[in-house]
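Student: Below you'll find structure-v6.cif; it's mmCIF, C-alpha atoms.
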data_coords
#
loop_
_atom_site.group_PDB
_atom_site.id
_atom_site.type_symbol
_atom_site.label_atom_id
_atom_site.label_comp_id
_atom_site.auth_asym_id
_atom_site.auth_seq_id
_atom_site.Cartn_x
_atom_site.Cartn_y
_atom_site.Cartn_z
ATOM 1 C CA MET A 993 -122.890 167.129 -8.731
ATOM 2 C CA MET A 994 -123.092 164.271 -6.290
ATOM 3 C CA THR A 995 -121.267 164.963 -3.066
ATOM 4 C CA THR A 996 -118.405 162.533 -2.964
ATOM 5 C CA PRO A 997 -118.476 160.675 0.326
ATOM 6 C CA ASN A 998 -114.988 161.103 1.673
ATOM 7 C CA HIS A 999 -115.240 159.911 5.241
ATOM 8 C CA PRO A 1000 -113.365 156.582 5.627
ATOM 9 C CA LEU A 1001 -116.509 154.984 7.081
ATOM 10 C CA LEU A 1002 -118.557 155.956 4.009
ATOM 11 C CA VAL A 1003 -115.845 154.940 1.564
ATOM 12 C CA ASP A 1004 -115.513 151.584 3.317
ATOM 13 C CA TYR A 1005 -119.291 151.058 3.336
ATOM 14 C CA LEU A 1006 -119.646 151.820 -0.378
ATOM 15 C CA ASN A 1007 -116.710 149.549 -1.223
ATOM 16 C CA ARG A 1008 -118.310 146.680 0.654
ATOM 17 C CA LEU A 1009 -121.616 147.413 -1.079
ATOM 18 C CA ARG A 1010 -119.973 147.338 -4.527
ATOM 19 C CA GLU A 1011 -118.269 144.079 -3.650
ATOM 20 C CA GLN A 1012 -121.514 142.440 -2.531
ATOM 21 C CA ALA A 1013 -123.393 143.844 -5.521
ATOM 22 C CA HIS A 1014 -121.142 141.854 -7.864
ATOM 23 C CA SER A 1015 -123.564 138.964 -7.489
ATOM 24 C CA LEU A 1016 -126.354 141.092 -9.036
ATOM 25 C CA PRO A 1017 -126.856 141.826 -12.745
ATOM 26 C CA ALA A 1018 -124.613 144.772 -13.668
ATOM 27 C CA ASP A 1019 -127.392 147.331 -14.255
ATOM 28 C CA GLN A 1020 -129.128 146.398 -11.023
ATOM 29 C CA ALA A 1021 -125.846 146.651 -9.103
ATOM 30 C CA ALA A 1022 -125.056 150.081 -10.575
ATOM 31 C CA GLU A 1023 -128.550 151.327 -9.733
ATOM 32 C CA LEU A 1024 -128.378 150.098 -6.146
ATOM 33 C CA VAL A 1025 -125.004 151.763 -5.578
ATOM 34 C CA ALA A 1026 -126.241 155.022 -7.169
ATOM 35 C CA ASP A 1027 -129.385 154.990 -5.007
ATOM 36 C CA ILE A 1028 -127.389 154.436 -1.847
ATOM 37 C CA GLU A 1029 -124.915 157.194 -2.790
ATOM 38 C CA GLU A 1030 -127.864 159.522 -3.291
ATOM 39 C CA HIS A 1031 -129.332 158.475 0.044
ATOM 40 C CA LEU A 1032 -126.037 159.171 1.816
ATOM 41 C CA ALA A 1033 -125.737 162.534 0.078
ATOM 42 C CA SER A 1034 -129.243 163.432 1.316
ATOM 43 C CA ALA A 1035 -128.764 162.083 4.820
ATOM 44 C CA LEU A 1036 -125.309 163.630 5.202
ATOM 45 C CA PRO A 1037 -125.448 166.782 3.064
ATOM 46 C CA ARG A 1038 -121.976 167.861 4.060
ATOM 47 C CA GLY A 1039 -120.251 164.669 2.879
ATOM 48 C CA GLY A 1040 -117.697 163.460 5.399
ATOM 49 C CA ASP A 1041 -118.002 166.646 7.384
ATOM 50 C CA HIS A 1042 -120.084 164.973 10.087
ATOM 51 C CA GLY A 1043 -119.251 163.371 13.387
ATOM 52 C CA GLU A 1044 -118.333 159.710 13.311
ATOM 53 C CA ALA A 1045 -121.272 158.879 15.577
ATOM 54 C CA GLU A 1046 -123.717 160.538 13.193
ATOM 55 C CA ILE A 1047 -122.302 158.720 10.182
ATOM 56 C CA ARG A 1048 -122.421 155.417 12.022
ATOM 57 C CA GLN A 1049 -126.048 156.026 12.888
ATOM 58 C CA VAL A 1050 -126.984 156.772 9.278
ATOM 59 C CA LEU A 1051 -125.217 153.606 8.109
ATOM 60 C CA ASP A 1052 -126.852 151.538 10.867
ATOM 61 C CA ARG A 1053 -130.272 152.699 9.783
ATOM 62 C CA LEU A 1054 -129.434 151.978 6.179
ATOM 63 C CA GLY A 1055 -128.658 148.321 6.856
ATOM 64 C CA THR A 1056 -125.577 146.272 5.991
ATOM 65 C CA PRO A 1057 -124.467 145.856 2.345
ATOM 66 C CA VAL A 1058 -125.364 142.171 2.652
ATOM 67 C CA GLU A 1059 -128.942 143.062 3.640
ATOM 68 C CA LEU A 1060 -129.327 145.522 0.764
ATOM 69 C CA VAL A 1061 -128.047 143.099 -1.851
ATOM 70 C CA ARG A 1062 -130.269 140.385 -0.412
ATOM 71 C CA ALA A 1063 -133.286 142.695 -0.727
ATOM 72 C CA ALA A 1064 -132.307 143.499 -4.307
ATOM 73 C CA ARG A 1065 -132.054 139.864 -5.227
ATOM 74 C CA ARG A 1066 -135.491 138.650 -4.248
ATOM 75 C CA PRO A 1067 -139.089 139.792 -4.586
ATOM 76 C CA GLY A 1068 -139.916 141.544 -1.326
ATOM 77 C CA PRO A 1069 -138.040 143.785 1.051
ATOM 78 C CA GLU A 1070 -137.999 141.372 3.979
ATOM 79 C CA ALA A 1071 -134.858 139.452 4.818
ATOM 80 C CA GLY A 1072 -135.082 135.806 5.723
ATOM 81 C CA GLU A 1073 -134.356 132.334 4.534
ATOM 82 C CA GLU A 1074 -131.891 132.735 1.697
ATOM 83 C CA ASP A 1075 -128.870 133.565 3.856
ATOM 84 C CA ALA A 1076 -126.958 130.504 2.727
ATOM 85 C CA ALA A 1077 -126.756 131.866 -0.812
ATOM 86 C CA LEU A 1078 -125.400 135.223 0.289
ATOM 87 C CA GLY A 1079 -122.007 136.387 -0.808
ATOM 88 C CA GLN A 1080 -121.838 133.505 -3.246
ATOM 89 C CA PRO A 1081 -122.340 133.928 -6.957
ATOM 90 C CA VAL A 1082 -125.595 132.761 -8.476
ATOM 91 C CA PRO A 1083 -125.342 129.010 -9.250
ATOM 92 C CA ASP A 1084 -123.751 128.413 -12.634
ATOM 93 C CA ARG A 1085 -126.418 127.196 -15.084
ATOM 94 C CA GLY A 1086 -124.141 127.144 -18.077
ATOM 95 C CA ARG A 1087 -125.266 128.493 -21.424
ATOM 96 C CA GLY A 1088 -127.407 125.586 -22.510
ATOM 97 C CA TYR A 1089 -124.931 124.138 -25.040
ATOM 98 C CA LEU A 1090 -124.569 120.863 -23.125
ATOM 99 C CA GLU A 1091 -128.334 120.440 -23.017
ATOM 100 C CA ALA A 1092 -128.832 121.220 -26.714
ATOM 101 C CA GLY A 1093 -125.884 119.005 -27.699
ATOM 102 C CA SER A 1094 -127.154 116.129 -25.605
ATOM 103 C CA ILE A 1095 -130.618 116.168 -27.239
ATOM 104 C CA VAL A 1096 -129.198 116.524 -30.759
ATOM 105 C CA LEU A 1097 -126.644 113.722 -30.299
ATOM 106 C CA LEU A 1098 -129.061 111.253 -28.701
ATOM 107 C CA VAL A 1099 -131.781 111.824 -31.299
ATOM 108 C CA GLY A 1100 -129.159 111.775 -34.064
ATOM 109 C CA ALA A 1101 -127.794 108.467 -32.761
ATOM 110 C CA LEU A 1102 -131.332 107.073 -32.840
ATOM 111 C CA LEU A 1103 -131.826 108.171 -36.459
ATOM 112 C CA VAL A 1104 -128.540 106.767 -37.756
ATOM 113 C CA ALA A 1105 -128.527 103.785 -35.390
ATOM 114 C CA ILE A 1106 -127.851 101.323 -38.191
ATOM 115 C CA ILE A 1107 -124.533 103.055 -38.970
ATOM 116 C CA TRP A 1108 -123.146 101.858 -35.674
ATOM 117 C CA PRO A 1109 -119.555 103.197 -36.012
ATOM 118 C CA LEU A 1110 -121.176 106.646 -36.047
ATOM 119 C CA SER A 1111 -124.192 106.128 -33.837
ATOM 120 C CA ILE A 1112 -122.414 104.502 -30.905
ATOM 121 C CA PRO A 1113 -119.888 107.361 -30.343
ATOM 122 C CA MET A 1114 -122.750 109.870 -30.749
ATOM 123 C CA TRP A 1115 -124.806 107.970 -28.214
ATOM 124 C CA ILE A 1116 -121.971 107.873 -25.660
ATOM 125 C CA ALA A 1117 -121.170 111.581 -26.121
ATOM 126 C CA GLY A 1118 -124.868 112.467 -25.827
ATOM 127 C CA LEU A 1119 -125.204 110.542 -22.579
ATOM 128 C CA ALA A 1120 -122.045 112.166 -21.186
ATOM 129 C CA MET A 1121 -123.418 115.635 -21.988
ATOM 130 C CA LEU A 1122 -126.727 114.677 -20.388
ATOM 131 C CA VAL A 1123 -124.953 113.759 -17.157
ATOM 132 C CA LEU A 1124 -122.897 116.990 -17.191
ATOM 133 C CA ALA A 1125 -125.857 119.252 -18.084
ATOM 134 C CA LYS A 1126 -126.500 122.018 -15.553
ATOM 135 C CA ARG A 1127 -129.997 123.129 -16.434
ATOM 136 C CA TRP A 1128 -131.764 119.851 -15.711
ATOM 137 C CA SER A 1129 -132.721 118.332 -12.381
ATOM 138 C CA VAL A 1130 -131.725 114.779 -11.501
ATOM 139 C CA GLY A 1131 -135.264 113.637 -12.345
ATOM 140 C CA GLN A 1132 -135.108 115.283 -15.752
ATOM 141 C CA LYS A 1133 -131.733 113.652 -16.434
ATOM 142 C CA VAL A 1134 -133.101 110.225 -15.504
ATOM 143 C CA LEU A 1135 -136.070 110.816 -17.835
ATOM 144 C CA GLY A 1136 -133.723 111.922 -20.617
ATOM 145 C CA GLY A 1137 -131.427 108.944 -20.031
ATOM 146 C CA LEU A 1138 -134.304 106.459 -20.086
ATOM 147 C CA VAL A 1139 -136.265 107.859 -23.015
ATOM 148 C CA LEU A 1140 -133.632 109.501 -25.241
ATOM 149 C CA GLY A 1141 -130.798 107.215 -24.183
ATOM 150 C CA ALA A 1142 -132.852 104.077 -24.881
ATOM 151 C CA GLY A 1143 -133.596 105.250 -28.431
ATOM 152 C CA MET A 1144 -130.404 104.155 -30.202
ATOM 153 C CA PRO A 1145 -130.136 100.640 -28.651
ATOM 154 C CA LEU A 1146 -133.884 100.088 -29.116
ATOM 155 C CA SER A 1147 -133.683 101.141 -32.731
ATOM 156 C CA LEU A 1148 -130.685 98.873 -33.346
ATOM 157 C CA PHE A 1149 -132.462 95.992 -31.652
ATOM 158 C CA ALA A 1150 -135.693 96.560 -33.590
ATOM 159 C CA LEU A 1151 -133.892 96.776 -36.922
ATOM 160 C CA GLY A 1152 -131.799 93.747 -36.072
ATOM 161 C CA SER A 1153 -134.711 91.582 -34.987
ATOM 162 C CA ALA A 1154 -136.897 92.694 -37.888
ATOM 163 C CA ALA A 1155 -134.183 91.815 -40.364
ATOM 164 C CA PHE A 1156 -133.614 88.500 -38.642
ATOM 165 C CA LEU A 1157 -137.314 87.591 -38.535
ATOM 166 C CA THR A 1158 -137.859 88.685 -42.126
ATOM 167 C CA MET A 1159 -134.998 86.581 -43.324
ATOM 168 C CA GLN A 1160 -136.162 83.604 -41.298
ATOM 169 C CA THR A 1161 -139.873 83.481 -41.851
ATOM 170 C CA CYS A 1162 -141.237 86.101 -44.177
ATOM 171 C CA GLU A 1163 -141.227 86.888 -47.824
ATOM 172 C CA THR A 1164 -141.907 90.401 -48.969
ATOM 173 C CA VAL A 1165 -144.476 90.800 -51.719
ATOM 174 C CA THR A 1166 -145.042 94.045 -53.574
ATOM 175 C CA THR A 1167 -148.459 94.425 -55.174
ATOM 176 C CA SER A 1168 -149.884 97.268 -57.196
ATOM 177 C CA SER A 1169 -153.302 98.682 -56.480
ATOM 178 C CA SER A 1170 -155.279 101.834 -57.306
ATOM 179 C CA THR A 1171 -153.694 103.666 -54.353
ATOM 180 C CA GLY A 1172 -150.155 102.796 -55.320
ATOM 181 C CA GLU A 1173 -147.740 100.105 -54.326
ATOM 182 C CA VAL A 1174 -148.470 98.073 -51.254
ATOM 183 C CA ILE A 1175 -145.798 96.100 -49.573
ATOM 184 C CA THR A 1176 -147.067 93.080 -47.718
ATOM 185 C CA GLN A 1177 -145.152 90.539 -45.793
ATOM 186 C CA ASN A 1178 -146.234 86.948 -46.033
ATOM 187 C CA CYS A 1179 -144.969 85.316 -42.937
ATOM 188 C CA ALA A 1180 -144.860 81.618 -42.340
ATOM 189 C CA ASP A 1181 -145.644 81.875 -38.641
ATOM 190 C CA PRO A 1182 -149.173 83.251 -38.070
ATOM 191 C CA GLY A 1183 -148.106 84.396 -34.589
ATOM 192 C CA LEU A 1184 -145.966 87.067 -36.201
ATOM 193 C CA ALA A 1185 -148.981 89.119 -37.268
ATOM 194 C CA TRP A 1186 -149.879 90.165 -33.754
ATOM 195 C CA PHE A 1187 -146.214 90.557 -32.993
ATOM 196 C CA ASN A 1188 -145.983 93.112 -35.788
ATOM 197 C CA TYR A 1189 -149.004 95.039 -34.537
ATOM 198 C CA LEU A 1190 -147.545 95.043 -31.048
ATOM 199 C CA ALA A 1191 -144.221 96.291 -32.390
ATOM 200 C CA ILE A 1192 -145.903 99.067 -34.367
ATOM 201 C CA GLY A 1193 -148.046 100.076 -31.385
ATOM 202 C CA LEU A 1194 -145.018 100.176 -29.109
ATOM 203 C CA SER A 1195 -143.037 102.185 -31.658
ATOM 204 C CA VAL A 1196 -145.786 104.778 -31.962
ATOM 205 C CA ALA A 1197 -146.119 105.017 -28.181
ATOM 206 C CA TYR A 1198 -142.360 105.381 -27.860
ATOM 207 C CA LEU A 1199 -142.249 108.101 -30.525
ATOM 208 C CA GLY A 1200 -144.958 110.022 -28.654
ATOM 209 C CA LEU A 1201 -143.031 109.707 -25.401
ATOM 210 C CA LEU A 1202 -139.840 110.736 -27.200
ATOM 211 C CA VAL A 1203 -141.355 113.920 -28.617
ATOM 212 C CA TRP A 1204 -142.908 114.817 -25.270
ATOM 213 C CA THR A 1205 -139.588 114.271 -23.481
ATOM 214 C CA ILE A 1206 -137.665 116.381 -25.991
ATOM 215 C CA LEU A 1207 -140.153 119.252 -25.605
ATOM 216 C CA HIS A 1208 -140.097 118.973 -21.819
ATOM 217 C CA LEU A 1209 -136.291 118.964 -21.622
ATOM 218 C CA ALA A 1210 -135.910 121.742 -24.190
ATOM 219 C CA ARG A 1211 -138.288 123.963 -22.234
ATOM 220 C CA ALA A 1212 -136.430 123.286 -18.988
ATOM 221 C CA ALA A 1213 -133.099 124.067 -20.673
ATOM 222 C CA ARG A 1214 -134.294 127.343 -22.148
ATOM 223 C CA ARG A 1215 -134.970 128.877 -18.723
ATOM 224 C CA PRO A 1216 -131.843 130.763 -17.667
ATOM 225 C CA PHE A 1217 -132.763 130.442 -13.949
ATOM 226 C CA MET B 1419 -145.265 152.633 -0.759
ATOM 227 C CA LEU B 1420 -147.682 153.057 -3.656
ATOM 228 C CA ALA B 1421 -150.011 154.924 -1.314
ATOM 229 C CA LEU B 1422 -147.251 157.367 -0.391
ATOM 230 C CA LEU B 1423 -146.714 158.064 -4.080
ATOM 231 C CA GLU B 1424 -150.415 158.450 -4.825
ATOM 232 C CA ASP B 1425 -150.837 162.175 -4.317
ATOM 233 C CA ARG B 1426 -147.478 163.567 -5.264
ATOM 234 C CA GLU B 1427 -144.092 162.570 -6.521
ATOM 235 C CA ARG B 1428 -141.362 162.019 -4.016
ATOM 236 C CA TYR B 1429 -137.683 161.244 -4.051
ATOM 237 C CA GLY B 1430 -136.100 158.186 -2.460
ATOM 238 C CA TYR B 1431 -134.804 159.716 0.713
ATOM 239 C CA ASP B 1432 -138.135 161.446 1.353
ATOM 240 C CA LEU B 1433 -139.958 158.087 1.106
ATOM 241 C CA VAL B 1434 -137.409 156.454 3.366
ATOM 242 C CA THR B 1435 -137.845 159.096 6.055
ATOM 243 C CA GLN B 1436 -141.639 158.810 5.907
ATOM 244 C CA LEU B 1437 -141.677 155.029 6.240
ATOM 245 C CA SER B 1438 -138.903 155.018 8.791
ATOM 246 C CA ASP B 1439 -140.670 157.588 10.990
ATOM 247 C CA ALA B 1440 -143.806 155.434 10.814
ATOM 248 C CA GLY B 1441 -141.707 152.577 12.196
ATOM 249 C CA LEU B 1442 -142.247 150.439 9.097
ATOM 250 C CA LEU B 1443 -138.637 149.924 8.066
ATOM 251 C CA ALA B 1444 -136.116 147.594 9.660
ATOM 252 C CA SER B 1445 -133.303 148.832 7.453
ATOM 253 C CA GLU B 1446 -133.810 151.924 5.358
ATOM 254 C CA GLY B 1447 -131.666 150.834 2.434
ATOM 255 C CA THR B 1448 -133.968 147.945 1.490
ATOM 256 C CA ILE B 1449 -136.441 150.521 0.152
ATOM 257 C CA TYR B 1450 -134.247 151.206 -2.881
ATOM 258 C CA PRO B 1451 -134.371 147.712 -4.382
ATOM 259 C CA LEU B 1452 -138.134 147.831 -3.850
ATOM 260 C CA LEU B 1453 -138.358 151.172 -5.666
ATOM 261 C CA SER B 1454 -136.356 149.887 -8.607
ATOM 262 C CA ARG B 1455 -138.649 146.858 -8.755
ATOM 263 C CA LEU B 1456 -141.711 149.139 -8.889
ATOM 264 C CA ARG B 1457 -140.074 150.911 -11.776
ATOM 265 C CA LYS B 1458 -139.220 147.680 -13.551
ATOM 266 C CA ASP B 1459 -142.803 146.451 -13.118
ATOM 267 C CA GLU B 1460 -143.961 149.791 -14.535
ATOM 268 C CA LEU B 1461 -145.941 150.693 -11.444
ATOM 269 C CA ALA B 1462 -143.831 153.804 -10.935
ATOM 270 C CA ARG B 1463 -141.691 155.980 -13.169
ATOM 271 C CA THR B 1464 -138.854 158.290 -12.321
ATOM 272 C CA THR B 1465 -137.621 161.715 -13.339
ATOM 273 C CA TRP B 1466 -134.424 163.459 -12.426
ATOM 274 C CA GLN B 1467 -134.900 166.879 -10.875
ATOM 275 C CA GLU B 1468 -132.408 169.446 -9.656
ATOM 276 C CA SER B 1469 -132.700 170.090 -5.946
ATOM 277 C CA THR B 1470 -132.081 173.387 -4.234
ATOM 278 C CA SER B 1471 -129.813 171.701 -1.722
ATOM 279 C CA GLY B 1472 -127.258 169.431 -3.327
ATOM 280 C CA PRO B 1473 -127.278 166.810 -6.066
ATOM 281 C CA PRO B 1474 -130.143 166.125 -8.508
ATOM 282 C CA ARG B 1475 -132.665 163.657 -7.182
ATOM 283 C CA ARG B 1476 -134.610 160.826 -8.709
ATOM 284 C CA TYR B 1477 -138.323 161.484 -8.201
ATOM 285 C CA TYR B 1478 -140.870 158.678 -8.278
ATOM 286 C CA THR B 1479 -144.486 158.942 -9.468
ATOM 287 C CA LEU B 1480 -147.183 156.331 -9.974
ATOM 288 C CA THR B 1481 -148.062 155.154 -13.472
ATOM 289 C CA ASP B 1482 -151.676 154.366 -14.430
ATOM 290 C CA GLN B 1483 -150.858 150.759 -13.784
ATOM 291 C CA GLY B 1484 -149.523 151.761 -10.367
ATOM 292 C CA HIS B 1485 -152.797 153.511 -9.533
ATOM 293 C CA ARG B 1486 -154.749 150.410 -10.546
ATOM 294 C CA ALA B 1487 -152.495 148.154 -8.483
ATOM 295 C CA LEU B 1488 -152.976 150.435 -5.493
ATOM 296 C CA ALA B 1489 -156.783 150.367 -5.856
ATOM 297 C CA GLN B 1490 -156.725 146.580 -6.041
ATOM 298 C CA PHE B 1491 -154.445 146.312 -3.072
ATOM 299 C CA ARG B 1492 -156.699 148.607 -1.020
ATOM 300 C CA LEU B 1493 -159.638 146.271 -1.600
ATOM 301 C CA ALA B 1494 -157.643 143.188 -0.673
ATOM 302 C CA TRP B 1495 -156.160 144.921 2.353
ATOM 303 C CA ARG B 1496 -159.581 146.008 3.621
ATOM 304 C CA GLU B 1497 -160.821 142.428 3.481
ATOM 305 C CA PHE B 1498 -157.691 141.125 5.069
ATOM 306 C CA THR B 1499 -157.828 143.560 8.001
ATOM 307 C CA ARG B 1500 -161.523 142.851 8.501
ATOM 308 C CA SER B 1501 -160.866 139.113 8.774
ATOM 309 C CA VAL B 1502 -157.940 139.626 11.118
ATOM 310 C CA ASP B 1503 -159.925 142.078 13.238
ATOM 311 C CA GLU B 1504 -162.709 139.547 13.601
ATOM 312 C CA ILE B 1505 -160.338 136.887 14.787
ATOM 313 C CA VAL B 1506 -158.106 139.018 16.985
ATOM 314 C CA GLN B 1507 -160.844 141.029 18.680
ATOM 315 C CA GLY B 1508 -163.325 138.180 18.892
ATOM 316 C CA ARG B 1509 -166.776 138.355 17.436
ATOM 317 C CA GLU B 1510 -168.943 140.580 19.550
ATOM 318 C CA SER B 1511 -172.378 139.092 19.184
#
Represent the supplied structure as C-alpha cells.

Tutor:
Amino acid sequence: MMTTPNHPLLVDYLNRLREQAHSLPADQAAELVADIEEHLASALPRGGDHGEAEIRQVLDRLGTPVELVRAARRPGPEAGEEDAALGQPVPDRGRGYLEAGSIVLLVGALLVAIIWPLSIPMWIAGLAMLVLAKRWSVGQKVLGGLVLGAGMPLSLFALGSAAFLTMQTCETVTTSSSTGEVITQNCADPGLAWFNYLAIGLSVAYLGLLVWTILHLARAARRPF
Amino acid sequence: MLALLEDRERYGYDLVTQLSDAGLLASEGTIYPLLSRLRKDELARTTWQESTSGPPRRYYTLTDQGHRALAQFRLAWREFTRSVDEIVQGRES
C-alpha cells in the first residue's frame, strides 16, 4: 500500500496541490495527485519519519503546487507566460446552447419574416443570444449580427417592395409550355427588368454569404475551448 | 525523456532523479504532467509493478510510436545542434 504521508508539511502540500488541481479535468487532477504521492513515497520512504529539513528539501525540489498544475495545463514542462490565468478556473465557454439558439432563431426569423408578430420577437431574441454568446469572438458576433441579423429585415423589405412594385406596375402572366408552367411578369416600366436581375443576383450572393457565415459560426461554437 | 525510456522501462521517480542529477530539471514535479502527456499521446505506456521497497510503482515504456518519435527527434536535434554550433563557435575556414 501507499505510504500515507503524515507529516504536517506533506499533508499541507498535498492539500494545496488538490486545491490547485481543481482547475484541471478531474482525471488529470487525480493522476497528478497520485503521481506526486508516489514521488513523495519514493523520495521519503519512511513517510513523515524524516527531519523537517529533509522534507522541505524534497518539496522544494518538487516545485510548488501552482507550478505543477501550470505544467499539467499546457503543452510543455516550462513555466512562463500564463501566470495570470493561474488559480482561476478555466474561462466559462458555456455549453453552446446560446450559440445554437441564436443561429436557429435568426434563420427562423428570416424564413417566417412575413409573419411579423412571430418573426420580430424571434429576431430580437436571436440577437440577444448572439450578444450573450460565450463561444464567439467580438468579430464573429459582428459578422453574425450583420449577416444573420440583417436577414429578417432584408427579407421583409424585399417582400414588401416586391409586392408594392408588382401591384403598381406589373401583371403576372402564367403560360404553359413543354417544360411546365412559366410565370412571367409583364412590367410597365422597362427599367424594372434590370432591377429584377440585380435583386436576384443580390439575393443569391446574400444566400451564399449566409450559408458561409452559419457554417463558420457553427464550427467556432462547436469547439469547447 | 524518450531517450531515457529507450532501453528499459523506468518508474517516475527514477526518471526524475536521472534528469535532476543531469541538471535538466528546474522543478522535479513538472516531469509528471509531461509523463502523463506522453501516455495520452501514446508515445509511452505504463504498467504497475510491485516494488521490493514500498508501494507499487507505475513503470513507463516506449510504444512503437514513441520509438519513431524519438528517431525523428534525434535527426532534428542533430541538425539543430549543428547549426547552433556553427554560429556559436564561428566557422573555422

Student: In Å, how far is it from CA of Leu1209 in chain A to CA of Arg1087 in chain A?

Tutor: 14.6 Å

Student: Against chain A, which residues of chain B fall within 12 Å? For each one I want the closest pair of atoms and the distance in Å (one decimal), counting only C-alpha atoms, rows by chain and increasing residue number, as CSV.

Tutor:
residue,atom,partner,partner_atom,distance
B:Met1419,CA,A:Pro1069,CA,11.6
B:Tyr1429,CA,A:His1031,CA,9.7
B:Gly1430,CA,A:His1031,CA,7.2
B:Tyr1431,CA,A:His1031,CA,5.7
B:Asp1432,CA,A:Ser1034,CA,9.1
B:Leu1433,CA,A:His1031,CA,10.7
B:Val1434,CA,A:His1031,CA,9.0
B:Thr1435,CA,A:Ala1035,CA,9.6
B:Ser1438,CA,A:Arg1053,CA,9.0
B:Asp1439,CA,A:Arg1053,CA,11.6
B:Gly1441,CA,A:Arg1053,CA,11.7
B:Leu1442,CA,A:Glu1070,CA,11.2
B:Leu1443,CA,A:Arg1053,CA,9.0
B:Ala1444,CA,A:Arg1053,CA,7.8
B:Ser1445,CA,A:Gly1055,CA,4.7
B:Glu1446,CA,A:Leu1054,CA,4.5
B:Gly1447,CA,A:Leu1054,CA,4.5
B:Thr1448,CA,A:Leu1060,CA,5.3
B:Ile1449,CA,A:Pro1069,CA,7.0
B:Tyr1450,CA,A:Asp1027,CA,6.5
B:Pro1451,CA,A:Ala1064,CA,4.7
B:Leu1452,CA,A:Pro1069,CA,6.4
B:Leu1453,CA,A:Asp1027,CA,9.8
B:Ser1454,CA,A:Glu1023,CA,8.0
B:Arg1455,CA,A:Pro1067,CA,8.2
B:Leu1456,CA,A:Pro1067,CA,10.6
B:Arg1457,CA,A:Glu1023,CA,11.7
B:Lys1458,CA,A:Gln1020,CA,10.5
B:Asp1459,CA,A:Pro1067,CA,11.4
B:Trp1466,CA,A:Glu1030,CA,11.9
B:Glu1468,CA,A:Met993,CA,9.8
B:Ser1469,CA,A:Ser1034,CA,10.4
B:Thr1470,CA,A:Ser1034,CA,11.7
B:Ser1471,CA,A:Pro1037,CA,8.1
B:Gly1472,CA,A:Pro1037,CA,7.2
B:Pro1473,CA,A:Met994,CA,4.9
B:Pro1474,CA,A:Met993,CA,7.3
B:Arg1475,CA,A:Glu1030,CA,7.4
B:Arg1476,CA,A:Asp1027,CA,8.7
B:Tyr1477,CA,A:Asp1027,CA,11.5

Student: I'd like the contact shell of Leu1488 in chain B - 8 Å cut-off, only C-alpha atoms, skipping same-chain residues fewer than 3 positions apart - returned as a list in words.

Tutor: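 Close residues of Leu1488 in chain B: Leu1420, Ala1421, Gly1484, His1485, Phe1491 and Arg1492 of chain B.
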
Student: Write the residues of the selection above to a file with C-alpha atoms, as a JSON list (two decimals), keeping the file's coordinate frame.

Tutor:
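Okay, this is what ended up in selection.json:
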[["chain", "number", "residue", "atom", "x", "y", "z"],
["B", 1420, "LEU", "CA", -147.68, 153.06, -3.66],
["B", 1421, "ALA", "CA", -150.01, 154.92, -1.31],
["B", 1484, "GLY", "CA", -149.52, 151.76, -10.37],
["B", 1485, "HIS", "CA", -152.80, 153.51, -9.53],
["B", 1491, "PHE", "CA", -154.44, 146.31, -3.07],
["B", 1492, "ARG", "CA", -156.70, 148.61, -1.02]]

Student: With all atoms listed in the file as the basis for distance, which of B:Leu1480, B:Val1506, B:Leu1461, B:Ala1494 is at the shortest distance from Leu1423 in chain B?

Tutor: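 Of the candidates, the smallest distance to Leu1423 in chain B is held by B:Leu1480.
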
Student: Could you write out as a count of residues only the residues that the PyMOL selection byres ((chain A and resi 1102) around 8) matches in the shown file?

Tutor: 12

Student: Restricting the calculation to all atoms listed in the file, which member of A:Leu1090, A:Ile1106, A:Ala1154, A:Ala1213 is positioned closest to Arg1127 in chain A?

Tutor: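 Of A:Leu1090, A:Ile1106, A:Ala1154, A:Ala1213, the one nearest Arg1127 in chain A, counting all atoms listed in the file, is A:Ala1213.
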
Student: Where's the centre, and what are the edge lengths in Å to one decimal, of a box along x, y and z enclosing all listed atoms of range 1461-1469 of chain B padded 5 Å per side, as AutoDock Vina command-line options?

Tutor:
--center_x -139.2 --center_y 160.4 --center_z -9.6 --size_x 23.5 --size_y 29.4 --size_z 17.4

Student: Go through the shown structure with the PyMOL selection byres ((chain A and resi 1133-1136) around 10) and write out the matching residues as a ChimeraX atom specification.

Tutor: /A:1094-1095,1098,1119,1122-1132,1137-1142,1202,1205-1206,1208-1209
